[in-house]
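Here the structure comes first, spelled out in structure tokens, and everything after it is commentary.
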Amino acid sequence: MDQPPAAVLKRLKEAKEVYALGAPVFLFRPFGKLSDFRTPAYRKVGRQFYKLDFFRTMHQANRKDFTDPRMVQLFDRYATYNGSDPYRAPATLNMIAHLENNLGAYFPEKGMYSIVEALYHVSITKGVEFRMNTTVEEVFVKNKRVTGLRTSSGDQKYDLYVSGMDAGMLANRYMKYHPLRKRLNRAEKSTSAMIFYWGMKRAFPVLELHNIFSRLIIRPSLFLFSERRRYRRNLLFIFLSVRGL
């Protein structure tokens, strides 16, 4: 790319600073209690609020900081990591570049499924009971609180209910009378991706760890968010995990 390295290094340094300032407030703890504003983390944000770059979009920041349009597109792409539109999302989200480039990713030595196996075995040692091949058919709600489950093996009641599925699907498919359903249906939807996990027998020397194939990376987001339809060309991203080992 025709982009001076100093501009990229400067951006990664700024992303690190924004992450260090904003993550303790916005990522690592619940948000909304008035008492939170008296904590050191919130006071620090108040003194350096301008560094969070709330008042311009990711695209505006990237277009200002980079001269190569491809670099602008590359950094705009970080908006897709949480389903946002870089033309509307605040430049604060440029902190995502810090996580991917400065901190990097971790790879399980035995593959992704080894995480599932480890969690299962730890849970068993803690006395957790797993009920396999049991389908939840309905979530009972009374006075805005979950009171029980109807499953394929009968009705069940517990002290605490936790769901790890998509909130919209949970509300629409299983919670007929909870106000969460109406609120989620009114909310704007985020974007997602179609992902395939393929084990390949061949080697591809020309591919790196991250590989993006698209002349127009951001155009699809304009169609999805503004025109509510899919762009005719898709962004193809290939992640070659073996390059990270």
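Residues are referred to by chain and number: the chain letter is A, B, ... according to the order shown in the structure tokens, the number counts from 1 in that chain, and ligands are numbered separately from 1 in the order shown.
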### Message
Quick one: residues within 9 Å of A:Leu184, only C-alpha atoms, excluding same-chain residues fewer than 3 positions away - as a PyMOL selection string?
### Response
chain A and resi 167-168+171+179-181+187-189
What are the closest atom pairs, with distances in Å to one decimal, for each residue of stretch 114-217 of chain A lying within 12 Å of stretch 90-107 of chain A, using only C-alpha atoms, rows by chain and rising residue number, as CSV?
```
residue,atom,partner,partner_atom,distance
A:Ser114,CA,A:Phe107,CA,10.5
A:Ile115,CA,A:Phe107,CA,10.2
A:Leu209,CA,A:Ala105,CA,11.2
A:His210,CA,A:Glu100,CA,10.9
```
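Minimum atom-to-atom distance to A:Phe204, evaluated using only C-alpha atoms, belongs to A:Leu240 out of A:Met169, A:Leu240, A:Ala7, A:Leu149.
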### Task
Return as a PyMOL selection string the full set of residues in stretch 159-214 of chain A whose backbone-based DSSP assignment is strand (DSSP E).
chain A and resi 210-213
Keeping only C-alpha atoms, write the selected residues to a file as a PDB file, in the first residue's frame.
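Result file selection.pdb:
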```
ATOM      1  CA  HIS A 210      -5.515 -12.619   7.147  1.00  0.00           C
ATOM      2  CA  ASN A 211      -6.612 -12.437   3.496  1.00  0.00           C
ATOM      3  CA  ILE A 212      -9.239 -10.030   2.154  1.00  0.00           C
ATOM      4  CA  PHE A 213     -10.596 -10.308  -1.378  1.00  0.00           C
TER       5      PHE A 213
END
```
### Message
DSSP on the backbone: which residues in stretch 42-220 of chain A end up as helix (DSSP H, G or I)? Give the answer as a ChimeraX atom specification.
### Response
/A:42-47,49-52,58-65,69-82,91-103,113-125,167-174,180-186,219-220
### Query
Which polymer residues have any atom within 10 Å of an atom of A:Val72, counting only C-alpha atoms, with same-chain residues fewer than 3 positions away left out, as number ranges by chain?
A: 58-69, 75-77, 217-218
Residues of the last selection are to be written out with N, CA and C atoms, as a PDB file, in the first residue's frame.
```pdb
ATOM      1  N   MET A  58     -15.948   6.586  12.397  1.00  0.00           N
ATOM      2  CA  MET A  58     -14.747   5.816  12.098  1.00  0.00           C
ATOM      3  C   MET A  58     -14.209   6.187  10.717  1.00  0.00           C
ATOM      4  N   HIS A  59     -15.104   6.295   9.750  1.00  0.00           N
ATOM      5  CA  HIS A  59     -14.667   6.615   8.392  1.00  0.00           C
ATOM      6  C   HIS A  59     -14.050   8.007   8.315  1.00  0.00           C
ATOM      7  N   GLN A  60     -14.628   8.975   8.993  1.00  0.00           N
ATOM      8  CA  GLN A  60     -14.068  10.327   8.995  1.00  0.00           C
ATOM      9  C   GLN A  60     -12.659  10.338   9.578  1.00  0.00           C
ATOM     10  N   ALA A  61     -12.455   9.603  10.662  1.00  0.00           N
ATOM     11  CA  ALA A  61     -11.130   9.539  11.276  1.00  0.00           C
ATOM     12  C   ALA A  61     -10.136   8.843  10.357  1.00  0.00           C
ATOM     13  N   ASN A  62     -10.556   7.749   9.743  1.00  0.00           N
ATOM     14  CA  ASN A  62      -9.650   6.998   8.885  1.00  0.00           C
ATOM     15  C   ASN A  62      -9.320   7.764   7.602  1.00  0.00           C
ATOM     16  N   ARG A  63     -10.298   8.455   7.049  1.00  0.00           N
ATOM     17  CA  ARG A  63     -10.052   9.231   5.834  1.00  0.00           C
ATOM     18  C   ARG A  63      -9.102  10.392   6.109  1.00  0.00           C
ATOM     19  N   LYS A  64      -9.145  10.935   7.320  1.00  0.00           N
ATOM     20  CA  LYS A  64      -8.254  12.032   7.685  1.00  0.00           C
ATOM     21  C   LYS A  64      -6.831  11.542   7.947  1.00  0.00           C
ATOM     22  N   ASP A  65      -6.696  10.364   8.549  1.00  0.00           N
ATOM     23  CA  ASP A  65      -5.382   9.898   8.989  1.00  0.00           C
ATOM     24  C   ASP A  65      -4.603   9.129   7.927  1.00  0.00           C
ATOM     25  N   PHE A  66      -5.296   8.595   6.910  1.00  0.00           N
ATOM     26  CA  PHE A  66      -4.636   7.771   5.906  1.00  0.00           C
ATOM     27  C   PHE A  66      -4.828   8.352   4.511  1.00  0.00           C
ATOM     28  N   THR A  67      -3.776   8.251   3.708  1.00  0.00           N
ATOM     29  CA  THR A  67      -3.825   8.773   2.344  1.00  0.00           C
ATOM     30  C   THR A  67      -4.204   7.710   1.323  1.00  0.00           C
ATOM     31  N   ASP A  68      -3.908   6.469   1.601  1.00  0.00           N
ATOM     32  CA  ASP A  68      -4.228   5.376   0.682  1.00  0.00           C
ATOM     33  C   ASP A  68      -5.669   4.918   0.934  1.00  0.00           C
ATOM     34  N   PRO A  69      -6.550   4.992  -0.075  1.00  0.00           N
ATOM     35  CA  PRO A  69      -7.948   4.572   0.114  1.00  0.00           C
ATOM     36  C   PRO A  69      -8.081   3.134   0.598  1.00  0.00           C
ATOM     37  N   PHE A  75      -9.113  -0.133   7.703  1.00  0.00           N
ATOM     38  CA  PHE A  75      -9.437   0.255   9.076  1.00  0.00           C
ATOM     39  C   PHE A  75     -10.938   0.481   9.258  1.00  0.00           C
ATOM     40  N   ASP A  76     -11.651   0.869   8.202  1.00  0.00           N
ATOM     41  CA  ASP A  76     -13.111   0.940   8.287  1.00  0.00           C
ATOM     42  C   ASP A  76     -13.705  -0.434   8.571  1.00  0.00           C
ATOM     43  N   ARG A  77     -13.027  -1.473   8.090  1.00  0.00           N
ATOM     44  CA  ARG A  77     -13.530  -2.840   8.236  1.00  0.00           C
ATOM     45  C   ARG A  77     -13.712  -3.241   9.696  1.00  0.00           C
ATOM     46  N   ILE A 217     -14.574  -2.736  -0.050  1.00  0.00           N
ATOM     47  CA  ILE A 217     -14.812  -3.379   1.239  1.00  0.00           C
ATOM     48  C   ILE A 217     -16.014  -2.772   1.949  1.00  0.00           C
ATOM     49  N   ILE A 218     -16.195  -1.450   1.855  1.00  0.00           N
ATOM     50  CA  ILE A 218     -17.202  -0.789   2.658  1.00  0.00           C
ATOM     51  C   ILE A 218     -18.532  -0.656   1.930  1.00  0.00           C
TER      52      ILE A 218
END
```
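Taking atom CA of A:Tyr87 as the reference point, atom CA of A:Ala20 is found at 24.1 Å.
Distance check against A:Tyr174 using only C-alpha atoms: of A:Thr125, A:Thr191, A:Thr151, A:Asn133, the minimum falls on A:Thr151.
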### Task
Write out as number ranges by chain the residues lying within 12 Å of stretch 141-147 of chain A, counting only C-alpha atoms and excluding same-chain residues fewer than 6 positions away.
A: 155-163, 171, 174-181
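We find atom CA of A:Arg70 and atom CA of A:Glu208 to be spaced 17.6 Å apart.
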